[in-house]
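Printed here is data-v5.pdb (PDB, C-alpha atoms and all ligand atoms):
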```pdb
ATOM      1  CA  MET C 146      29.295  86.381  68.548
ATOM      2  CA  PRO C 147      25.974  84.842  69.464
ATOM      3  CA  ILE C 148      23.815  85.958  72.338
ATOM      4  CA  TYR C 149      21.727  83.238  73.871
ATOM      5  CA  GLU C 150      18.923  83.594  76.319
ATOM      6  CA  TYR C 151      18.438  81.165  79.130
ATOM      7  CA  ARG C 152      15.941  80.467  81.823
ATOM      8  CA  CYS C 153      17.351  79.061  85.016
ATOM      9  CA  ASN C 154      15.554  75.924  86.181
ATOM     10  CA  GLN C 155      16.732  76.589  89.695
ATOM     11  CA  CYS C 156      15.757  80.201  90.396
ATOM     12  CA  LYS C 157      13.499  80.686  87.287
ATOM     13  CA  LYS C 158      15.249  83.884  86.297
ATOM     14  CA  GLU C 159      15.990  84.680  82.707
ATOM     15  CA  PHE C 160      19.231  86.100  81.467
ATOM     16  CA  SER C 161      21.154  86.429  78.266
ATOM     17  CA  HIS C 162      24.731  85.596  77.706
ATOM     18  CA  LEU C 163      27.064  86.822  75.035
ATOM     19  CA  PHE C 164      29.551  84.210  73.977
ATOM     20  CA  LEU C 165      32.890  85.483  72.911
ATOM     21  CA  ASN C 166      34.203  81.978  72.740
ATOM     22  CA  PRO C 167      32.055  79.089  71.384
ATOM     23  CA  LYS C 168      33.590  76.773  73.967
ATOM     24  CA  GLU C 169      31.817  78.720  76.710
ATOM     25  CA  ILE C 170      28.397  77.629  75.443
ATOM     26  CA  SER C 171      28.579  74.211  77.115
ATOM     27  CA  LYS C 172      29.652  75.572  80.472
ATOM     28  CA  VAL C 173      27.293  78.509  80.878
ATOM     29  CA  LYS C 174      25.908  79.001  84.371
ATOM     30  CA  CYS C 175      23.082  81.045  85.841
ATOM     31  CA  LYS C 176      24.169  84.593  86.548
ATOM     32  CA  PHE C 177      22.068  84.676  89.702
ATOM     33  CA  CYS C 178      22.510  81.339  91.453
ATOM     34  CA  ASN C 179      25.313  79.751  89.457
ATOM     35  CA  SER C 180      23.193  76.738  88.569
ATOM     36  CA  SER C 181      23.956  74.901  85.364
ATOM     37  CA  HIS C 182      20.381  73.653  85.017
ATOM     38  CA  LEU C 183      19.337  75.995  82.273
ATOM     39  CA  THR C 184      16.768  75.976  79.545
ATOM     40  CA  LYS C 185      17.945  77.658  76.418
ATOM     41  CA  LEU C 186      15.448  80.112  74.979
ATOM     42  CA  LEU C 187      15.420  81.381  71.465
ATOM     43  CA  SER C 188      17.974  84.071  71.011
ATOM     44  CA  SER C 189      16.212  87.300  70.256
ATOM     45  CA  PHE C 190      19.267  89.059  69.051
ATOM     46  CA  CYS C 191      22.373  87.783  67.430
ATOM     47  CA  VAL C 192      25.418  89.518  66.098
ATOM     48  CA  GLN C 193      26.472  88.137  62.749
ATOM     49  CA  GLN C 194      23.528  85.832  62.622
ATOM     50  CA  THR C 195      23.100  84.300  59.213
ATOM     51  CA  GLU C 196      19.959  85.066  57.298
ATOM     52  CA  GLU C 197      19.093  81.378  57.323
ATOM     53  CA  SER C 198      19.031  81.210  61.094
ATOM     54  CA  ARG C 199      17.207  84.530  61.260
ATOM     55  CA  LEU C 200      14.497  83.113  59.076
ATOM     56  CA  LYS C 201      14.346  79.969  61.160
ATOM     57  CA  ASN C 202      13.991  81.797  64.462
ATOM     58  CA  PHE C 203      11.592  84.245  62.999
ATOM     59  CA  ASP C 204       8.005  83.735  64.053
ATOM     60  CA  THR C 205       5.633  85.522  61.698
ATOM     61  CA  SER C 206       2.657  84.875  63.967
ATOM     62  CA  LYS C 207       4.046  87.103  66.713
ATOM     63  CA  PRO C 208       3.935  90.875  66.570
ATOM     64  CA  ARG C 209       7.279  92.545  66.241
ATOM     65  CA  GLY C 210       8.311  95.400  68.419
ATOM     66  CA  GLU C 211       9.582  98.744  67.310
ATOM     67  CA  ASN C 212      13.146  97.672  67.834
ATOM     68  CA  PHE C 213      12.792  94.923  65.310
ATOM     69  CA  TYR C 214      12.737  97.242  62.350
ATOM     70  CA  ARG C 215      15.495  99.434  63.721
ATOM     71  CA  ASP C 216      17.749  96.645  62.585
ATOM     72  CA  SER C 217      17.653  97.169  58.841
ATOM     73  CA  ARG C 218      18.678  93.581  58.282
ATOM     74  CA  ASN C 219      15.237  92.558  59.522
ATOM     75  CA  VAL C 220      13.430  94.590  56.912
ATOM     76  CA  GLY C 221      12.011  92.272  54.329
ATOM     77  CA  LEU C 222      12.524  89.251  56.518
ATOM     78  CA  TRP C 223       8.867  88.961  57.322
ATOM     79  CA  ALA C 224       7.804  88.985  53.706
ATOM     80  CA  LYS C 225      10.452  86.468  52.847
ATOM     81  CA  LYS C 226       9.471  84.100  55.595
ATOM     82  CA  ARG C 227       5.773  84.364  54.744
ATOM     83  CA  MET C 228       6.566  83.555  51.139
ATOM     84  CA  ARG C 229       8.419  80.469  52.262
ATOM     85  CA  GLU C 230       5.609  79.374  54.520
ATOM     86  CA  LEU C 231       3.193  79.730  51.650
ATOM     87  CA  GLY C 232       5.513  77.692  49.498
ATOM     88  CA  VAL C 233       6.266  80.539  47.153
ATOM     89  CA  ASP C 234       9.817  80.545  46.008
ATOM     90  CA  LEU C 235      10.744  83.756  44.324
ATOM     91  CA  GLY C 236      14.400  82.879  44.506
ATOM     92  CA  SER C 237      16.739  85.638  43.546
ATOM     93  CA  LYS C 238      13.871  87.887  42.496
ATOM     94  CA  MET C 239      12.698  88.055  46.119
ATOM     95  CA  ASP C 240      16.212  88.832  47.288
ATOM     96  CA  GLU C 241      16.325  91.646  44.790
ATOM     97  CA  ILE C 242      13.008  93.088  45.959
ATOM     98  CA  VAL C 243      13.978  92.782  49.600
ATOM     99  CA  GLU C 244      17.346  94.325  48.932
ATOM    100  CA  ARG C 245      15.725  97.290  47.202
ATOM    101  CA  GLY C 246      13.317  97.652  50.095
ATOM    102  CA  ARG C 247      16.170  97.629  52.535
ATOM    103  CA  THR C 248      18.235 100.206  50.771
ATOM    104  CA  GLY C 249      15.320 102.506  50.035
ATOM    105  CA  LYS C 250      15.742 102.194  46.289
ATOM    106  CA  ILE C 251      12.251 100.776  46.015
ATOM    107  CA  LEU C 252      10.875 104.161  47.071
ATOM    108  CA  GLU C 253      12.933 105.969  44.472
ATOM    109  CA  GLU C 254      11.367 103.808  41.826
ATOM    110  CA  TYR C 255       7.852 104.540  43.011
ATOM    111  CA  ASN C 256       8.578 108.235  42.858
ATOM    112  CA  LYS C 257       9.612 108.148  39.232
TER     113      LYS C 257
HETATM  114 ZN    ZN V 301      19.534  80.588  88.762
END
```

Could you render the structure from this file as structure tokens?
Ligand SMILES: [Zn+2]
Amino acid sequence: MPIYEYRCNQCKKEFSHLFLNPKEISKVKCKFCNSSHLTKLLSSFCVQQTEESRLKNFDTSKPRGENFYRDSRNVGLWAKKRMRELGVDLGSKMDEIVERGRTGKILEEYNK
């Protein structure tokens, strides 16, 4: 169930649209003026987004808001993306670290 954000080329308003049916994507219209001249913006939120597309849409140069880390699936994403940008491939080890960070187990280990 992806949510896409659009900017209307006609009235310049921005809106997001939740697609329940993938077929709707090609016939989306502006909520305000009904124009179909839309520019698709990066989706800022996506239900069931794969980690791969999260990483792709993830811009490490921009500050992340508070809400970002309320989604626990985003924890560790930054580190992972930075690693990739730097050409460091930790493979499954990174996944393990990130997973521990996400679940809070990493803290338990520090407290030992
Ligand atoms: Zn419009």

*Quick one: of C:Glu169, C:Asn179, C:Ser161, C:Ile148, who's nearest to ligand ZN 301 (chain V), counting all atoms listed in the file?*
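Of all the options, C:Asn179 lies closest to ligand ZN 301 (chain V).
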
*Check which residues fall inside 6 Å of ligand ZN 301 (chain V) when counting only C-alpha atoms and all ligand atoms, and print them as a count of residues only.*
9

*Could you please determine the separation between atom CA of Leu163 of chain C and atom CA of His182 of chain C in Å, to one decimal place?*
17.8 Å

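In this structure, atom CA of Arg152 of chain C sits 14.3 Å away from atom CA of Ile170 of chain C.
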